[in-house]
Amino acid sequence: MKLGLLLLAILPITAYAQDSTAVNSSGEYPNTFSSGSANVQRFDNKARRFNDWSISVGGGAAFMAHSDLSSFYDKKVNWGYNAYISIDKQITHVFGLSLIYQRGETKQKAMLDGAAGAAAGVGTATTKYNQLALMGDVNFSNLLRRVDNHSPYRWAFHGYAGIGFQGYDTSLHDGNEFRWSDSPKRVPLFIKQDFDINSLFYQFGVGLKYNISKLIDIEARTMYIISGDDEFDGGGWAEANDYDPATAGSKYNMISDSRSDNAWTVNLGVTFKLGKQLSHLTWHDPLQEAYYRTSVLENASQDLVVCEKGDADNDGVCDDWDRQLDTPAGARVDGAGVALDMDLDGVIDLYDKCVTVPGPVENNGCPTK
C-alpha cells in the first residue's frame with residue numbers, strides 16, 4: 001500500500017522532469033542542444049564584444065649600431081630619427097599583424113687605419129631610408145596571464161618580429177677620396193638602393209604598452225634592424241674587389257668583419273583603436289565575462305524568503321499558497337491551509353463534537369440518532 005502511494009506521488013514529478021529536460025535542436029542552431037533555458041547566441045562579427053583593428057603612429061631616435069661607420073663614435077652619439085605608421089589587425093588576444101611603413105635617417109662616423117686614415121681623417125656618412133614591412137606582434141602579458149587573475153590590467157609587454165623591403169640613399173664624406181674637389185677631381189660617395197628583392201631586411205624588438213582609454217594606447221618601443229647589406233651605412237660599394245686590400249680605393253667596408261650593417265631605433269607611439277565596442281582584443285580577457293557571471297553568482301544573496309506575503313490567519317501556512325485565508329483561530333489545517341474535517345460532515349474538527357462520526361451542522365456534527 002505504501003509503495004503504491006509512493007509511486008503515485010513521484011510519477012507526476014518524474015513526468016515533469018522528463019518534459020523539462022527534453023533536448024531540442026533547431027535548424028537555426030543545428031549543433032546546439034538546449035532545454036529551452038540556455039541563452040543561445042550566434043558568434044559572428046555582430047556578436048563580438050571587442051574591436052580588433054587599429055592605427056599606430058610614432059617616432060623617435062635612430063642609430064647605426066653595428067656597422068663599419070657607427071652612430072656611436074669617439075664616446076659621442078650621432079643622433080638620427082625614425083618615424084612609423086602602421087595598420088594593425090589583432091588576430092587573437094595574444095597575436096596580431098601589422099603592415100608598417102618606416103622612414104628615418106642615421107648619421108655615423110668612422111676612421112680608416114694607418115696612412116689612409118691619416119689622409120682622410122674622420123669619415124662621416126648619412127643614411128636616409130624608407131621601409132615597408134609585415135610585422136608580427138606577440139602580447140606576452142596575455143600569453144603569460146594567470147587564468148585566476150580576475151583584475152583588469154593596463155600595462156602589456158609586447159614582442160615584435162618582421163620582414164620587409166627597404167630603399168635608401170647614403171652619402172660618405174671624408175678629407176681625401178670622398179670630398180668635393182676639382183683638383184684632383186673628387187666627389188663624395190653616393191649610393192642609392194631602390195626597393196627590390198636585394199633590399200630585404202629583418203627587424204625584431206620589444207615594446208611596453210599602456211591602455212589610456214578604449215580609444216587610445218601609448219607605447220615605448222625599441223627595434224633592431226638587420227639590413228643584410230654592407231652598403232647600408234654608406235661605407236661604400238660591396239663588390240668583391242672592395243674587400244681586396246690590394247685594390248685601389250678606401251676600404252671603409254673592411255672596418256668591421258660583418259657584411260650586414262644593422263640599425264637600432266627607439267620610439268614613442270600612439271595607437272588609435274578603431275570600432276564601437278568598449279574594449280580592444282589586445283586588452284580583452286576571454287574569460288572576463290565568465291569571471292563576471294561567476295562573481296554575480298558568488299555574491300548573490302542566499303537568504304531564503306519565507307512567507308513573503310505573510311500569514312494573515314496565523315494557521316502556519318503562508319498566504320503565498322494558503323487556500324483558506326480566514327481559517328478560524330485554533331483550527332487544525334492541512335498543507336493547503338484548509339481547516340480539517342475528518343468525518344467530512346461539513347463541520348470542521350474545531351467545532352465538531354463528534355469528530356469521527358458524521359452529523360448535521362445543527363447538531364454540532366453529531367448524529368441525531
# chains A, B, ... in the order shown; residues from 1 in each chain; ligands from 1
>>> residues_around(residues="Leu208 in chain A", least_positions_apart="6", cutoff="10 Å", atoms="only C-alpha atoms", output="number ranges by chain")
A: 139, 141, 155-159, 218-222, 268
>>> residues_around(residues="range 114-118 of chain A", least_positions_apart="5", cutoff="12 Å", atoms="only C-alpha atoms", output="list in words")
Gly123, Asp174, Gly175, Asn176, Glu177, Pro245, Ala248, Gly249, Ser250, Lys251, Tyr252 and Ile255 of chain A
>>> write_last_selection(atoms="N, CA, C and O atoms", output="PDB file, in the first residue's frame")
ATOM      1  N   GLY A 123      85.760  59.914 -41.422  1.00  0.00           N
ATOM      2  CA  GLY A 123      84.718  59.870 -42.440  1.00  0.00           C
ATOM      3  C   GLY A 123      83.340  59.967 -41.818  1.00  0.00           C
ATOM      4  O   GLY A 123      83.071  59.377 -40.763  1.00  0.00           O
ATOM      5  N   ASP A 174      84.774  62.364 -46.579  1.00  0.00           N
ATOM      6  CA  ASP A 174      85.994  62.367 -45.771  1.00  0.00           C
ATOM      7  C   ASP A 174      86.946  63.443 -46.318  1.00  0.00           C
ATOM      8  O   ASP A 174      86.576  64.219 -47.213  1.00  0.00           O
ATOM      9  N   GLY A 175      88.145  63.481 -45.801  1.00  0.00           N
ATOM     10  CA  GLY A 175      89.083  64.528 -46.215  1.00  0.00           C
ATOM     11  C   GLY A 175      89.999  64.139 -47.345  1.00  0.00           C
ATOM     12  O   GLY A 175      90.918  64.907 -47.692  1.00  0.00           O
ATOM     13  N   ASN A 176      89.757  62.979 -47.976  1.00  0.00           N
ATOM     14  CA  ASN A 176      90.658  62.528 -49.024  1.00  0.00           C
ATOM     15  C   ASN A 176      89.897  62.087 -50.267  1.00  0.00           C
ATOM     16  O   ASN A 176      89.586  62.901 -51.135  1.00  0.00           O
ATOM     17  N   GLU A 177      89.597  60.817 -50.391  1.00  0.00           N
ATOM     18  CA  GLU A 177      88.996  60.296 -51.617  1.00  0.00           C
ATOM     19  C   GLU A 177      87.569  60.780 -51.819  1.00  0.00           C
ATOM     20  O   GLU A 177      87.161  61.080 -52.948  1.00  0.00           O
ATOM     21  N   PRO A 245      92.420  44.260 -50.161  1.00  0.00           N
ATOM     22  CA  PRO A 245      93.319  45.367 -49.791  1.00  0.00           C
ATOM     23  C   PRO A 245      94.288  45.759 -50.901  1.00  0.00           C
ATOM     24  O   PRO A 245      94.807  46.883 -50.904  1.00  0.00           O
ATOM     25  N   ALA A 248      92.751  49.486 -55.417  1.00  0.00           N
ATOM     26  CA  ALA A 248      92.704  50.900 -55.041  1.00  0.00           C
ATOM     27  C   ALA A 248      91.375  51.242 -54.380  1.00  0.00           C
ATOM     28  O   ALA A 248      90.376  50.545 -54.531  1.00  0.00           O
ATOM     29  N   GLY A 249      91.391  52.351 -53.634  1.00  0.00           N
ATOM     30  CA  GLY A 249      90.170  52.843 -53.026  1.00  0.00           C
ATOM     31  C   GLY A 249      90.145  52.647 -51.530  1.00  0.00           C
ATOM     32  O   GLY A 249      90.786  51.761 -50.975  1.00  0.00           O
ATOM     33  N   SER A 250      89.411  53.515 -50.879  1.00  0.00           N
ATOM     34  CA  SER A 250      89.257  53.422 -49.425  1.00  0.00           C
ATOM     35  C   SER A 250      88.401  52.219 -49.066  1.00  0.00           C
ATOM     36  O   SER A 250      87.414  51.913 -49.752  1.00  0.00           O
ATOM     37  N   LYS A 251      88.772  51.537 -47.999  1.00  0.00           N
ATOM     38  CA  LYS A 251      88.102  50.284 -47.623  1.00  0.00           C
ATOM     39  C   LYS A 251      87.296  50.454 -46.327  1.00  0.00           C
ATOM     40  O   LYS A 251      87.529  49.788 -45.322  1.00  0.00           O
ATOM     41  N   TYR A 252      86.329  51.362 -46.352  1.00  0.00           N
ATOM     42  CA  TYR A 252      85.511  51.553 -45.150  1.00  0.00           C
ATOM     43  C   TYR A 252      84.729  50.285 -44.792  1.00  0.00           C
ATOM     44  O   TYR A 252      84.488  50.011 -43.614  1.00  0.00           O
ATOM     45  N   ILE A 255      86.275  47.855 -42.174  1.00  0.00           N
ATOM     46  CA  ILE A 255      86.491  48.210 -40.767  1.00  0.00           C
ATOM     47  C   ILE A 255      85.883  47.152 -39.859  1.00  0.00           C
ATOM     48  O   ILE A 255      86.456  46.778 -38.843  1.00  0.00           O
TER      49      ILE A 255
END
>>> atom_distance(atom1="CA of Ile87 in chain A", atom2="CA of Gln102 in chain A")
12.2 Å
>>> select_by_dssp(residues="range 51-227 of chain A", states="alpha helix (DSSP H)", output="ChimeraX atom specification")
/A:114-120,140-143
>>> residues_around(residues="range 334-341 of chain A", least_positions_apart="2", cutoff="7 Å", atoms="only C-alpha atoms", output="short mmCIF file (atom, residue, chain, number, x, y, z; two decimals) with N, CA, C and O atoms, in the first residue's frame")
data_model
loop_
_atom_site.label_atom_id
_atom_site.label_comp_id
_atom_site.auth_asym_id
_atom_site.auth_seq_id
_atom_site.Cartn_x
_atom_site.Cartn_y
_atom_site.Cartn_z
N ASP A 315 -2.31 30.39 10.70
CA ASP A 315 -2.54 28.95 10.78
C ASP A 315 -1.28 28.15 10.46
O ASP A 315 -1.32 26.92 10.39
N VAL A 317 0.38 28.29 7.63
CA VAL A 317 0.53 28.14 6.18
C VAL A 317 0.59 29.52 5.56
O VAL A 317 -0.32 30.34 5.76
N TRP A 321 0.54 30.34 -0.54
CA TRP A 321 -0.13 29.13 -1.03
C TRP A 321 -1.28 28.67 -0.13
O TRP A 321 -1.71 27.53 -0.18
N ASP A 322 -1.80 29.55 0.73
CA ASP A 322 -2.93 29.23 1.61
C ASP A 322 -4.23 29.32 0.82
O ASP A 322 -4.56 30.37 0.26
N ARG A 323 -4.97 28.18 0.77
CA ARG A 323 -6.24 28.15 0.02
C ARG A 323 -7.42 28.63 0.87
O ARG A 323 -8.53 28.79 0.36
N GLN A 324 -7.18 28.82 2.15
CA GLN A 324 -8.26 29.31 3.04
C GLN A 324 -7.63 30.37 3.95
O GLN A 324 -7.06 30.06 4.98
N THR A 327 -8.96 30.96 8.07
CA THR A 327 -9.14 29.79 8.95
C THR A 327 -9.38 30.28 10.39
O THR A 327 -8.64 31.15 10.88
N ALA A 331 -7.98 26.18 14.75
CA ALA A 331 -8.33 25.04 13.90
C ALA A 331 -7.08 24.42 13.31
O ALA A 331 -6.15 25.10 12.92
N ARG A 332 -7.09 23.04 13.30
CA ARG A 332 -6.01 22.34 12.62
C ARG A 332 -6.25 22.40 11.11
O ARG A 332 -7.38 22.31 10.65
N ASP A 343 -14.43 13.69 9.46
CA ASP A 343 -15.56 12.85 9.06
C ASP A 343 -16.32 13.39 7.88
O ASP A 343 -17.37 12.86 7.49
N LEU A 344 -15.79 14.49 7.29
CA LEU A 344 -16.36 15.06 6.06
C LEU A 344 -17.86 15.33 6.17
O LEU A 344 -18.63 15.11 5.23
N GLY A 346 -18.98 18.42 6.95
CA GLY A 346 -19.20 19.84 6.74
C GLY A 346 -18.96 20.68 7.96
O GLY A 346 -19.10 21.90 7.92
N VAL A 347 -18.64 20.01 9.10
CA VAL A 347 -18.33 20.72 10.34
C VAL A 347 -16.85 20.50 10.62
O VAL A 347 -16.41 19.35 10.78
N ILE A 348 -16.07 21.59 10.64
CA ILE A 348 -14.63 21.42 10.85
C ILE A 348 -14.38 20.86 12.24
O ILE A 348 -15.20 21.02 13.15
N ASP A 349 -13.28 20.19 12.39
CA ASP A 349 -12.98 19.49 13.64
C ASP A 349 -12.99 20.41 14.84
O ASP A 349 -13.27 19.97 15.98
#
>>> closest_residue(among="A:Gly234, A:Gly205, A:Pro184, A:Gly104", to="Thr126 in chain A", atoms="only C-alpha atoms")
A:Gly234
>>> closest_residue(among="A:Phe201, A:Tyr73, A:Trp237, A:Tyr168", to="Met135 in chain A", atoms="only C-alpha atoms")
A:Phe201
>>> atom_distance(atom1="CA of Asn130 in chain A", atom2="CA of Ile85 in chain A")
11.8 Å
>>> residues_around(residues="range 54-62 of chain A", least_positions_apart="5", cutoff="8 Å", atoms="only C-alpha atoms", output="list in words")
Trp79, Gly80, Tyr81, Asn82, Ala83, Tyr84, Ile85, Ser86, Ile87, Asp88, Lys89, Gly104, Glu105, Thr106, Ala263, Trp264, Thr265, Val266, Asn267, Leu268, Gly269, Val270, Thr271, Phe272, Lys273 and Leu274 of chain A
>>> write_last_selection(atoms="C-alpha atoms", output="short mmCIF file (atom, residue, chain, number, x, y, z; two decimals), in the first residue's frame")
data_model
loop_
_atom_site.label_atom_id
_atom_site.label_comp_id
_atom_site.auth_asym_id
_atom_site.auth_seq_id
_atom_site.Cartn_x
_atom_site.Cartn_y
_atom_site.Cartn_z
CA TRP A 79 71.53 61.20 -33.36
CA GLY A 80 69.22 60.27 -36.19
CA TYR A 81 65.44 59.97 -36.37
CA ASN A 82 62.84 57.33 -37.14
CA ALA A 83 59.08 57.60 -37.71
CA TYR A 84 56.47 54.95 -38.43
CA ILE A 85 52.81 54.42 -39.22
CA SER A 86 51.07 51.05 -39.26
CA ILE A 87 47.72 49.40 -39.80
CA ASP A 88 47.22 46.74 -37.13
CA LYS A 89 44.97 43.69 -37.09
CA GLY A 104 64.28 57.64 -40.95
CA GLU A 105 67.81 58.93 -41.12
CA THR A 106 71.01 57.92 -39.35
CA ALA A 263 70.45 49.83 -37.09
CA TRP A 264 68.63 50.43 -33.83
CA THR A 265 65.53 52.57 -33.21
CA VAL A 266 63.86 53.81 -30.02
CA ASN A 267 60.33 55.18 -30.43
CA LEU A 268 57.32 56.52 -28.58
CA GLY A 269 53.99 55.86 -30.26
CA VAL A 270 50.23 56.16 -30.05
CA THR A 271 47.70 53.53 -31.10
CA PHE A 272 44.20 54.57 -32.13
CA LYS A 273 41.79 51.68 -31.68
CA LEU A 274 39.02 51.50 -34.28
#
>>> closest_residue(among="A:Leu144, A:Ile197, A:Ala238, A:Val187", to="His173 in chain A", atoms="only C-alpha atoms")
A:Val187
>>> residues_around(residues="Ile226 in chain A", least_positions_apart="4", cutoff="6 Å", atoms="only C-alpha atoms", output="number ranges by chain")
A: 201-203, 262
>>> write_last_selection(atoms="C-alpha atoms", output="PDB file, in the first residue's frame")
ATOM      1  CA  PHE A 201      65.643  43.333 -44.224  1.00  0.00           C
ATOM      2  CA  TYR A 202      64.575  41.878 -40.883  1.00  0.00           C
ATOM      3  CA  GLN A 203      63.652  43.502 -37.598  1.00  0.00           C
ATOM      4  CA  ASN A 262      72.429  46.944 -38.572  1.00  0.00           C
TER       5      ASN A 262
END
>>> residues_around(residues="Lys309 in chain A", least_positions_apart="5", cutoff="10 Å", atoms="only C-alpha atoms", output="PyMOL selection string")
chain A and resi 318-321
>>> residues_around(residues="range 357-367 of chain A", least_positions_apart="2", cutoff="7 Å", atoms="only C-alpha atoms", output="ChimeraX atom specification")
/A:343-345,347,351-355,369
>>> closest_residue(among="A:Asp52, A:Glu239, A:Asp261, A:Asp326", to="Asp313 in chain A", atoms="only C-alpha atoms")
A:Asp326
>>> atom_distance(atom1="CA of Phe204 in chain A", atom2="CA of Thr92 in chain A")
20.0 Å
